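Trainee: Below is the structure I would like to discuss, written out as structure tokens.
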Amino acid sequence: EAQVTQNPRYLITVTGKKLTVTCSQNMNHEYMSWYRQDPGLGLRQIYYSMNVEVTDKGDVPEGYKVSRKEKRNFPLILESPSPNQTSLYFCASSGIATNEKLFFGSGTQLSVL
Amino acid sequence: RKEVEQDPGPFNVPEGATVAFNCTYSNSASQSFFWYRQDCRKEPKLLMSVYSSGNEDGRFTAQLNRASQYISLLIRDSKLSDSATYLCVVNRGAGSYQLTFGKGTKLSVIP
């Protein structure tokens, strides 16, 4: 089954404790992206990647890192989480043809205390 | 003008009603347009792409007006299961894979 797998589903942590949210897709997609969703602000892009070893900043990259060492994986790293990073996070992937559908993971609800 | 703008709603409609959502976008170079559906706290899922000629999928019809830079979604014969938030999504310009999401329009279909 074609899917984007994101883990964990829920995460509670404390300020400053490094964490990684994993994202993996099994569709051989070139494009992968991370979004955060906050009430009243909609989905905002954090980082994206067009292919292995190619990553770029989205609209709200501060405080986040990503890597794309393999085509299928695109982890999101918070080196020193802060309470303003409490949010619902989504990973997504797609091919790169015109009008390609974006597949989303199930989301990670992160709370930073 | 915001990149992608939608009426946040909520739209509360009775079962069987017809409801229409509009969305405006600011980038005249945008070429790809979509409607996504999102249930509460779940991942967005593609409802339909929007083509210049307009397209229909069952009870759902999407239209694109490039001159006025807006897209629309029409839902006929609303079902309870249509209750969700509908996201207007637009790419960021010619050849861009980057997408901008509207903040969504919330629909509640009432028995």
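Order determines the names: the first chain of the structure tokens is A, the second B, and so forth; residues in each chain are numbered 1 upward, and ligands are numbered 1 upward as they are shown.
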Determine, for each residue of chain A having at least one atom at most 10 Å from an atom of chain B, the closest pair of atoms and their separation in Å to one decimal, counting only C-alpha atoms; order by chain and ascending number, as a Markdown table.
Mentor:
```
| residue | atom | partner | partner_atom | distance |
| --- | --- | --- | --- | --- |
| A:Tyr31 | CA | B:Tyr97 | CA | 8.2 |
| A:Ser33 | CA | B:Gln98 | CA | 9.2 |
| A:Gln37 | CA | B:Arg41 | CA | 9.4 |
| A:Asp38 | CA | B:Lys103 | CA | 9.8 |
| A:Pro39 | CA | B:Lys103 | CA | 9.0 |
| A:Gly40 | CA | B:Lys103 | CA | 7.0 |
| A:Leu41 | CA | B:Lys103 | CA | 6.3 |
| A:Gly42 | CA | B:Lys103 | CA | 4.3 |
| A:Leu43 | CA | B:Phe101 | CA | 6.1 |
| A:Arg44 | CA | B:Phe101 | CA | 7.6 |
| A:Gln45 | CA | B:Thr100 | CA | 8.3 |
| A:Tyr48 | CA | B:Gln98 | CA | 8.6 |
| A:Met50 | CA | B:Tyr97 | CA | 8.8 |
| A:Gly58 | CA | B:Gln98 | CA | 8.9 |
| A:Asp59 | CA | B:Thr100 | CA | 10.0 |
| A:Leu88 | CA | B:Arg41 | CA | 7.9 |
| A:Tyr89 | CA | B:Glu43 | CA | 9.5 |
| A:Phe90 | CA | B:Glu43 | CA | 7.2 |
| A:Cys91 | CA | B:Glu43 | CA | 9.3 |
| A:Ala92 | CA | B:Glu43 | CA | 9.4 |
| A:Ser94 | CA | B:Tyr97 | CA | 9.1 |
| A:Gly95 | CA | B:Tyr97 | CA | 9.2 |
| A:Ile96 | CA | B:Tyr97 | CA | 6.8 |
| A:Ala97 | CA | B:Tyr97 | CA | 8.6 |
| A:Thr98 | CA | B:Ser32 | CA | 7.4 |
| A:Asn99 | CA | B:Ser32 | CA | 5.9 |
| A:Glu100 | CA | B:Tyr97 | CA | 8.7 |
| A:Lys101 | CA | B:Leu46 | CA | 6.8 |
| A:Leu102 | CA | B:Leu46 | CA | 7.3 |
| A:Phe103 | CA | B:Lys45 | CA | 7.2 |
| A:Phe104 | CA | B:Glu43 | CA | 6.0 |
| A:Gly105 | CA | B:Glu43 | CA | 6.5 |
| A:Ser106 | CA | B:Glu43 | CA | 5.3 |
| A:Gly107 | CA | B:Glu43 | CA | 6.3 |
| A:Thr108 | CA | B:Arg41 | CA | 9.8 |
| A:Gln109 | CA | B:Arg41 | CA | 8.9 |
```
Trainee: Keeping N, CA and C atoms for every residue in the selection just given, could you write it to a file as a CSV table (one decimal), in the first residue's frame?
Mentor:
```csv
chain,number,residue,atom,x,y,z
A,31,TYR,N,10.0,14.3,-4.3
A,31,TYR,CA,9.7,15.4,-3.5
A,31,TYR,C,9.2,15.0,-2.1
A,33,SER,N,8.4,16.9,2.0
A,33,SER,CA,8.2,18.2,2.6
A,33,SER,C,7.7,18.0,4.0
A,37,GLN,N,1.1,22.8,11.4
A,37,GLN,CA,-0.3,23.4,11.3
A,37,GLN,C,-0.7,23.9,12.7
A,38,ASP,N,-1.0,25.1,12.7
A,38,ASP,CA,-1.4,25.8,13.9
A,38,ASP,C,-2.8,26.4,13.7
A,39,PRO,N,-3.6,26.5,14.8
A,39,PRO,CA,-4.9,27.1,14.7
A,39,PRO,C,-4.9,28.5,14.1
A,40,GLY,N,-5.7,28.7,13.1
A,40,GLY,CA,-5.8,30.1,12.5
A,40,GLY,C,-4.6,30.4,11.6
A,41,LEU,N,-3.7,29.5,11.5
A,41,LEU,CA,-2.5,29.8,10.6
A,41,LEU,C,-2.4,28.9,9.4
A,42,GLY,N,-3.2,27.8,9.4
A,42,GLY,CA,-3.1,26.9,8.3
A,42,GLY,C,-1.8,26.1,8.3
A,43,LEU,N,-1.6,25.4,7.2
A,43,LEU,CA,-0.4,24.6,6.9
A,43,LEU,C,0.7,25.5,6.5
A,44,ARG,N,1.9,25.5,7.1
A,44,ARG,CA,3.0,26.3,6.7
A,44,ARG,C,4.2,25.3,6.5
A,45,GLN,N,4.9,25.6,5.4
A,45,GLN,CA,6.0,24.7,5.1
A,45,GLN,C,7.3,25.0,5.9
A,48,TYR,N,11.7,21.5,2.6
A,48,TYR,CA,11.4,20.5,1.5
A,48,TYR,C,12.7,20.0,0.9
A,50,MET,N,13.9,18.1,-2.9
A,50,MET,CA,13.6,17.7,-4.3
A,50,MET,C,14.2,16.4,-4.6
A,58,GLY,N,11.7,26.2,3.8
A,58,GLY,CA,10.3,26.6,3.4
A,58,GLY,C,10.0,28.0,4.0
A,59,ASP,N,8.8,28.2,4.5
A,59,ASP,CA,8.4,29.5,5.0
A,59,ASP,C,8.8,29.7,6.5
A,88,LEU,N,1.1,20.7,15.3
A,88,LEU,CA,0.8,19.4,14.6
A,88,LEU,C,1.6,19.5,13.4
A,89,TYR,N,2.4,18.4,13.2
A,89,TYR,CA,3.4,18.4,12.1
A,89,TYR,C,3.0,17.3,11.1
A,90,PHE,N,3.1,17.6,9.8
A,90,PHE,CA,2.8,16.7,8.7
A,90,PHE,C,4.0,16.5,7.8
A,91,CYS,N,4.3,15.3,7.4
A,91,CYS,CA,5.3,15.0,6.4
A,91,CYS,C,4.5,14.7,5.1
A,92,ALA,N,5.0,15.0,4.0
A,92,ALA,CA,4.3,14.8,2.7
A,92,ALA,C,5.3,14.4,1.6
A,94,SER,N,5.5,13.6,-2.9
A,94,SER,CA,4.9,13.5,-4.2
A,94,SER,C,5.9,13.2,-5.3
A,95,GLY,N,5.4,12.8,-6.5
A,95,GLY,CA,6.3,12.8,-7.6
A,95,GLY,C,6.4,14.3,-8.1
A,96,ILE,N,7.1,14.5,-9.2
A,96,ILE,CA,7.4,15.8,-9.7
A,96,ILE,C,6.8,16.2,-11.0
A,97,ALA,N,5.8,15.4,-11.5
A,97,ALA,CA,5.1,15.7,-12.7
A,97,ALA,C,4.1,16.8,-12.4
A,98,THR,N,3.5,17.4,-13.4
A,98,THR,CA,2.5,18.4,-13.2
A,98,THR,C,1.3,17.8,-12.5
A,99,ASN,N,0.8,18.6,-11.5
A,99,ASN,CA,-0.5,18.2,-10.9
A,99,ASN,C,-0.3,16.9,-10.1
A,100,GLU,N,0.9,16.6,-9.6
A,100,GLU,CA,1.1,15.4,-8.8
A,100,GLU,C,0.4,15.5,-7.5
A,101,LYS,N,-0.3,14.4,-7.0
A,101,LYS,CA,-0.9,14.4,-5.8
A,101,LYS,C,0.1,14.4,-4.6
A,102,LEU,N,-0.2,15.2,-3.6
A,102,LEU,CA,0.7,15.2,-2.4
A,102,LEU,C,0.1,14.2,-1.4
A,103,PHE,N,0.9,13.2,-1.0
A,103,PHE,CA,0.5,12.2,0.0
A,103,PHE,C,1.1,12.7,1.4
A,104,PHE,N,0.2,12.7,2.4
A,104,PHE,CA,0.6,13.1,3.7
A,104,PHE,C,0.7,11.9,4.7
A,105,GLY,N,1.6,12.1,5.6
A,105,GLY,CA,1.6,11.2,6.8
A,105,GLY,C,0.5,11.5,7.7
A,106,SER,N,0.3,10.7,8.8
A,106,SER,CA,-0.8,10.8,9.7
A,106,SER,C,-0.7,12.0,10.7
A,107,GLY,N,0.5,12.5,10.7
A,107,GLY,CA,0.7,13.7,11.6
A,107,GLY,C,1.4,13.3,12.9
A,108,THR,N,2.1,14.3,13.5
A,108,THR,CA,2.7,14.2,14.8
A,108,THR,C,2.3,15.4,15.6
A,109,GLN,N,1.6,15.1,16.7
A,109,GLN,CA,1.2,16.2,17.6
A,109,GLN,C,2.4,16.3,18.6
```
Trainee: Might you pull out every residue within 9 Å of B:Gly54, with only C-alpha atoms counted and same-chain residues fewer than 4 positions away left off, and present them as number ranges by chain?
Mentor: B: 50, 61-64
Trainee: Quick one: residues within 12 Å of A:Leu78, only C-alpha atoms, excluding same-chain residues fewer than 5 positions away - as a list in words?
Mentor: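 Listing them by chain and then by number gives Thr13, Val14, Thr15, Gly16, Lys17, Lys18, Leu19, Thr20, Val21, Thr22, Ile46, Pro61, Glu62, Gly63, Tyr64, Lys65, Val66, Ser67, Pro83, Asn84, Gln85, Thr86, Leu110 and Val112 of chain A.
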Trainee: Just checking: using only C-alpha atoms, which residue out of A:Tyr35, A:Ser80, A:Thr5, A:Phe74 ends up closest to A:Val52?
Mentor: A:Phe74
Trainee: For each of A:Arg9, A:Arg36, A:Lys57, A:Lys71, take the minimum atom-to-atom distance to A:Ser24, counting only C-alpha atoms, then give the residue where this is smallest.
Mentor: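 Closest residue, counting only C-alpha atoms: A:Lys71.
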Trainee: Of the candidates B:Ser53, B:Ser78, B:Ser28, B:Thr85, which one gets nearest to B:Pro14 if we count only C-alpha atoms?
Mentor: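 Smallest distance to B:Pro14 is found for B:Ser78.
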Trainee: Find the residues around B:Glu15 up to 6 Å (only C-alpha atoms counted), leave out those fewer than 3 positions away in its own chain, and share them as a ChimeraX atom specification.
Mentor: /B:78-79,109-111
Trainee: Go through B:Arg66, B:Arg92, B:Arg59, B:Lys106 one by one, measure the shortest atom-to-atom distance of each to B:Asn27 using only C-alpha atoms, and give the residue with the smallest value.
Mentor: B:Arg92
Trainee: Grab the atom CA of A:Asn26 to atom CA of A:Glu70 distance for me, in Å with one decimal place.
Mentor: 11.7 Å
Trainee: Just checking: using only C-alpha atoms, which residue out of A:Met32, A:Val54, A:Val60, A:Leu113 ends up closest to A:Ser93?
Mentor: A:Met32
Trainee: Taking 6 positions as the minimum chain separation for residues in the same chain, which residues sit within 9 Å of B:Asp82 when counting only C-alpha atoms? Answer as a list in words.
Mentor: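 Answer for this query is Ile75, Leu107, Ser108 and Val109 of chain B.
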